[in-house]
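**Q** Sharing a structure, written as structure tokens. Questions coming.
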Amino acid sequence: MNPVIAELLELLQLETLEANLFRGKSLNIVGKNVFGGQVLGQALMAAGRTVEGRLAHSLHGYFLRAGDTTVPIIYEVDRVRDGKSFVNRQVTAIQHGEPIFMCSASFADHEEGLDHQSAMPDVEGPDGLLSEHELRQKICGLLPEKIRNSFSRERPIEIRPINPQNPFAPTPQEALRHHWMRAQEKLPDDPLLHQCALAFASDFALMGTAMLPHAVTFMQSNLQAASLDHAIWFHRPFRMDEWLLYEMTGPNANDGRGMNFGRIYSRDGVLVASTAQEGLMRLREVPEKY
């Protein structure tokens, strides 16, 4: 098994400490703070482990503090309601005795009913596109050595951007981007695991979409950026080890925050999930040194 896939599976398979109490490992994925997608995926797994026979249809979370990659995260699940149609859970992620993330997750059975979806955008397919990892390898030499490894490390989710932007030479663009994504290898046939893997992957690139019109990127030392909240709606069945198209838009930026929305389609055009996220994108007057 590819080591990064084994790493992802280990990350999402939480240790049960007690009823409604779980522990997850931390991993340095994007830098010194815990990657938001890691917390999303682990929190959803913690909630799902307390639900029998139903899959998540939505998750709404708030990032409260930066996570520490050097210590585990404790997930405490509150069984808010077990109804006939919906099951609701609240999850609190804790480090150093303080909450770093809180979310509500709702689970439901599949049922027949009215059905429609937005059409998949007409974009280039994944075949022949360079992966994000390959693109990063080309420019990682421009980074200070102490952050070069985290920037260029291989990730469990393969991402192939359409019309990628050079983060060191940005130009103003429409707040719209697309990329294809899938797990590097086949995953076990657990639908909850695939939902958690999608939650993990949904945080890559989304927050930066609202930065595009301003030619701002995460590589700028004067940018203070952080996820503030994140929501996911699961619409239809999917597999995270098959190509998914992530369409992202950033329709608003003001008060030091950017608003972003996402739609995720299977390769055959089925809308499988939607996302929303607001992120801090504050420009400091005095650039900080690495």
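Here, A, B, ... name the chains of the structure tokens in the order displayed, residue numbers run from 1 inside each chain, and ligands are numbered from 1 in the same displayed order.
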Just the residues within 7 Å of stretch 30-41 of chain A, please, counting only C-alpha atoms, with nothing from its chain fewer than 2 positions along; format it as number ranges by chain.
**A** A: 12, 26-28, 43-45, 66-69, 150-151, 196-197, 199-203
**Q** Kindly export the residues of the current selection with N, CA and C atoms, as a tab-separated table (two decimals), in the first residue's frame.
**A**
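Dumped everything to out.tsv:
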chain	number	residue	atom	x	y	z
A	12	LEU	N	-7.70	8.37	9.95
A	12	LEU	CA	-9.16	8.38	10.06
A	12	LEU	C	-9.71	7.26	10.95
A	26	SER	N	-2.35	13.28	15.09
A	26	SER	CA	-2.13	14.52	14.35
A	26	SER	C	-1.01	14.30	13.35
A	27	LEU	N	-1.04	15.06	12.30
A	27	LEU	CA	-0.06	14.92	11.24
A	27	LEU	C	0.24	16.28	10.63
A	28	ASN	N	1.50	16.52	10.33
A	28	ASN	CA	1.89	17.77	9.66
A	28	ASN	C	1.64	17.60	8.17
A	43	ALA	N	-13.50	14.26	12.83
A	43	ALA	CA	-14.73	14.58	13.56
A	43	ALA	C	-15.92	13.84	12.97
A	44	LEU	N	-15.98	13.76	11.63
A	44	LEU	CA	-17.08	13.03	11.00
A	44	LEU	C	-16.98	11.54	11.32
A	45	MET	N	-15.77	10.99	11.35
A	45	MET	CA	-15.61	9.59	11.72
A	45	MET	C	-16.06	9.35	13.16
A	66	ALA	N	-6.06	27.15	16.49
A	66	ALA	CA	-5.13	26.40	15.65
A	66	ALA	C	-4.78	25.08	16.33
A	67	GLY	N	-4.75	24.00	15.56
A	67	GLY	CA	-4.43	22.70	16.10
A	67	GLY	C	-2.93	22.47	16.17
A	68	ASP	N	-2.50	21.70	17.17
A	68	ASP	CA	-1.10	21.39	17.41
A	68	ASP	C	-0.78	20.03	16.77
A	69	THR	N	0.13	20.01	15.81
A	69	THR	CA	0.45	18.77	15.10
A	69	THR	C	1.28	17.79	15.93
A	150	SER	N	7.31	20.32	3.85
A	150	SER	CA	5.86	20.25	4.02
A	150	SER	C	5.14	20.70	2.75
A	151	PHE	N	5.75	21.63	2.00
A	151	PHE	CA	5.13	22.12	0.77
A	151	PHE	C	5.15	21.06	-0.32
A	196	CYS	N	-15.58	10.48	5.00
A	196	CYS	CA	-14.54	11.13	5.80
A	196	CYS	C	-13.36	11.54	4.93
A	197	ALA	N	-13.01	10.70	3.96
A	197	ALA	CA	-11.92	11.04	3.04
A	197	ALA	C	-12.28	12.24	2.19
A	199	ALA	N	-14.38	14.63	3.16
A	199	ALA	CA	-14.30	15.77	4.07
A	199	ALA	C	-12.85	16.24	4.19
A	200	PHE	N	-11.93	15.29	4.31
A	200	PHE	CA	-10.50	15.59	4.36
A	200	PHE	C	-10.08	16.35	3.10
A	201	ALA	N	-10.46	15.85	1.95
A	201	ALA	CA	-10.02	16.43	0.67
A	201	ALA	C	-10.71	17.75	0.35
A	202	SER	N	-11.88	17.98	0.92
A	202	SER	CA	-12.67	19.17	0.56
A	202	SER	C	-12.02	20.47	1.01
A	203	ASP	N	-11.03	20.39	1.91
A	203	ASP	CA	-10.39	21.60	2.43
A	203	ASP	C	-9.23	22.05	1.57
**Q** What's around A:Ala46 at 7 Å? Count only C-alpha atoms, leave out sequence neighbours fewer than 6 positions away in its own chain, and write the answer as a PDB file with C-alpha atoms, in the first residue's frame.
**A**
ATOM      1  CA  PHE A  22     -12.206   9.012  20.645  1.00  0.00           C
ATOM      2  CA  TYR A  75     -13.068  13.936  19.986  1.00  0.00           C
ATOM      3  CA  VAL A  77     -19.418  13.130  20.764  1.00  0.00           C
TER       4      VAL A  77
END
**Q** Looking at only C-alpha atoms, which of A:Arg49, A:Phe168, A:Ile100, A:Val270 is the one that sits closest to A:Ser221?
**A**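 Of the candidates, the smallest distance to A:Ser221 is held by A:Phe168.
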**Q** Tell me, as a list in words, which residues lie within 8 Å of A:Gln13, counting only C-alpha atoms; anything in the same chain fewer than 2 positions away does not count.
**A**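 What passes the distance filter is Leu9, Glu10, Leu11, Glu15, Gly24, Gln42 and Met45 of chain A.
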**Q** Store the residues of this selection in a file with all heavy atoms, as a CSV table (one decimal), in the first residue's frame.
**A**
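Printed below is part-v2.csv as written:
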chain,number,residue,atom,x,y,z
A,9,LEU,N,-5.5,6.3,6.2
A,9,LEU,CA,-6.4,5.3,6.8
A,9,LEU,C,-6.1,5.3,8.3
A,9,LEU,O,-7.1,5.2,9.1
A,9,LEU,CB,-6.2,3.9,6.2
A,9,LEU,CG,-6.6,3.8,4.8
A,9,LEU,CD1,-6.3,2.4,4.3
A,9,LEU,CD2,-8.1,4.1,4.6
A,10,GLU,N,-4.9,5.4,8.7
A,10,GLU,CA,-4.5,5.4,10.1
A,10,GLU,C,-5.1,6.7,10.8
A,10,GLU,O,-5.5,6.7,11.9
A,10,GLU,CB,-3.0,5.3,10.3
A,10,GLU,CG,-2.6,5.2,11.8
A,10,GLU,CD,-1.1,5.1,12.0
A,10,GLU,OE1,-0.4,5.3,11.0
A,10,GLU,OE2,-0.6,4.8,13.1
A,11,LEU,N,-5.0,7.8,10.0
A,11,LEU,CA,-5.4,9.1,10.6
A,11,LEU,C,-7.0,9.0,10.8
A,11,LEU,O,-7.4,9.6,11.8
A,11,LEU,CB,-5.1,10.2,9.5
A,11,LEU,CG,-5.0,11.6,10.0
A,11,LEU,CD1,-3.9,11.8,10.9
A,11,LEU,CD2,-4.9,12.5,8.8
A,15,GLU,N,-9.0,5.9,17.7
A,15,GLU,CA,-8.9,5.0,18.8
A,15,GLU,C,-10.1,5.3,19.8
A,15,GLU,O,-10.4,6.5,20.1
A,15,GLU,CB,-7.6,5.2,19.6
A,15,GLU,CG,-7.5,4.4,20.8
A,15,GLU,CD,-6.2,4.8,21.7
A,15,GLU,OE1,-5.5,5.7,21.2
A,15,GLU,OE2,-6.0,4.2,22.7
A,24,GLY,N,-7.6,10.8,18.0
A,24,GLY,CA,-7.1,10.8,16.7
A,24,GLY,C,-5.6,11.3,16.7
A,24,GLY,O,-5.3,12.2,17.4
A,42,GLN,N,-11.8,13.5,10.8
A,42,GLN,CA,-11.8,12.8,12.0
A,42,GLN,C,-13.0,13.0,12.8
A,42,GLN,O,-13.6,12.1,13.4
A,42,GLN,CB,-10.5,13.1,12.8
A,42,GLN,CG,-9.2,12.6,12.3
A,42,GLN,CD,-8.0,13.0,13.1
A,42,GLN,OE1,-8.0,14.1,13.7
A,42,GLN,NE2,-7.0,12.1,13.1
A,45,MET,N,-15.8,11.0,11.4
A,45,MET,CA,-15.6,9.6,11.7
A,45,MET,C,-16.1,9.4,13.2
A,45,MET,O,-16.7,8.3,13.5
A,45,MET,CB,-14.1,9.2,11.5
A,45,MET,CG,-13.9,7.7,11.9
A,45,MET,SD,-14.8,6.5,10.9
A,45,MET,CE,-13.8,6.6,9.4
**Q** Within 10 Å of stretch 274-286 of chain A, counting only C-alpha atoms, which residues qualify if same-chain residues fewer than 3 places away don't, as a PyMOL selection string?
**A** chain A and resi 58-63+199+202-203+206-208+210-211+216-218+220-235+246-250+252-265+271+289
**Q** Take the residues just selected and output them with C-alpha atoms as a compact mmCIF listing (two decimals), in the first residue's frame.
**A**
# COMPACT_ATOMS: atom_id res chain seq x y z
CA SER A 58 -24.40 17.17 6.31
CA LEU A 59 -21.71 18.54 8.58
CA HIS A 60 -21.38 22.13 9.83
CA GLY A 61 -18.23 23.05 11.76
CA TYR A 62 -16.31 25.97 13.28
CA PHE A 63 -12.56 26.15 13.70
CA ALA A 199 -14.30 15.77 4.07
CA SER A 202 -12.67 19.17 0.56
CA ASP A 203 -10.39 21.60 2.43
CA LEU A 206 -11.23 25.90 -1.35
CA MET A 207 -10.24 28.80 0.90
CA GLY A 208 -7.86 30.27 -1.65
CA ALA A 210 -11.73 34.07 -2.92
CA MET A 211 -8.10 35.25 -3.06
CA VAL A 216 -3.07 36.91 -3.20
CA THR A 217 -1.66 33.46 -2.35
CA PHE A 218 -0.66 31.49 0.73
CA GLN A 220 2.84 35.70 0.81
CA SER A 221 4.47 36.32 4.19
CA ASN A 222 2.14 39.26 4.90
CA LEU A 223 -1.02 37.12 4.61
CA GLN A 224 -2.77 35.83 7.72
CA ALA A 225 -5.08 33.02 6.59
CA ALA A 226 -7.13 30.43 8.46
CA SER A 227 -10.33 28.45 7.99
CA LEU A 228 -13.13 29.87 10.12
CA ASP A 229 -15.94 27.47 9.31
CA HIS A 230 -16.69 24.66 6.90
CA ALA A 231 -19.86 22.89 5.81
CA ILE A 232 -20.40 19.79 3.68
CA TRP A 233 -23.60 18.31 2.26
CA PHE A 234 -23.48 14.76 0.92
CA HIS A 235 -26.03 14.31 -1.86
CA TYR A 246 -14.25 19.93 -7.52
CA GLU A 247 -15.71 23.21 -8.78
CA MET A 248 -14.96 26.14 -6.44
CA THR A 249 -16.21 29.72 -6.47
CA GLY A 250 -15.40 32.67 -4.21
CA ASN A 252 -17.40 37.52 -1.81
CA ALA A 253 -14.53 39.04 0.18
CA ASN A 254 -14.88 41.73 2.85
CA ASP A 255 -13.92 42.51 6.47
CA GLY A 256 -10.79 40.36 6.16
CA ARG A 257 -12.78 37.25 5.21
CA GLY A 258 -13.44 35.36 1.98
CA MET A 259 -16.53 33.29 1.21
CA ASN A 260 -16.19 30.14 -0.90
CA PHE A 261 -18.57 27.51 -2.25
CA GLY A 262 -17.86 24.16 -3.86
CA ARG A 263 -19.65 21.51 -5.90
CA ILE A 264 -18.23 18.02 -6.27
CA TYR A 265 -19.15 15.80 -9.23
CA LEU A 271 -23.43 15.92 -8.17
CA LYS A 289 9.88 36.79 7.91
**Q** Please identify the helix (DSSP H, G or I) residues within stretch 94-237 of chain A (assignment by DSSP from backbone atoms) and present them as number ranges by chain.
**A** A: 132-142, 145-152, 191-201, 207-214
**Q** Restricting the calculation to only C-alpha atoms: of A:Leu55, A:Ala108, A:Leu17, A:Ile159, which residue gets closest to A:Arg182?
**A** A:Ile159
**Q** When distances are computed from only C-alpha atoms, which of A:Lys25, A:Arg160, A:His110, A:His194 shows the smallest separation from A:His57?
**A**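 Of A:Lys25, A:Arg160, A:His110, A:His194, the one nearest A:His57, counting only C-alpha atoms, is A:His110.
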**Q** Excluding A:Lys84 and its own-chain neighbours fewer than 5 positions away, which residues fall within 12 Å of it when counting only C-alpha atoms? Please give them as a PyMOL selection string.
**A** chain A and resi 54+107-109
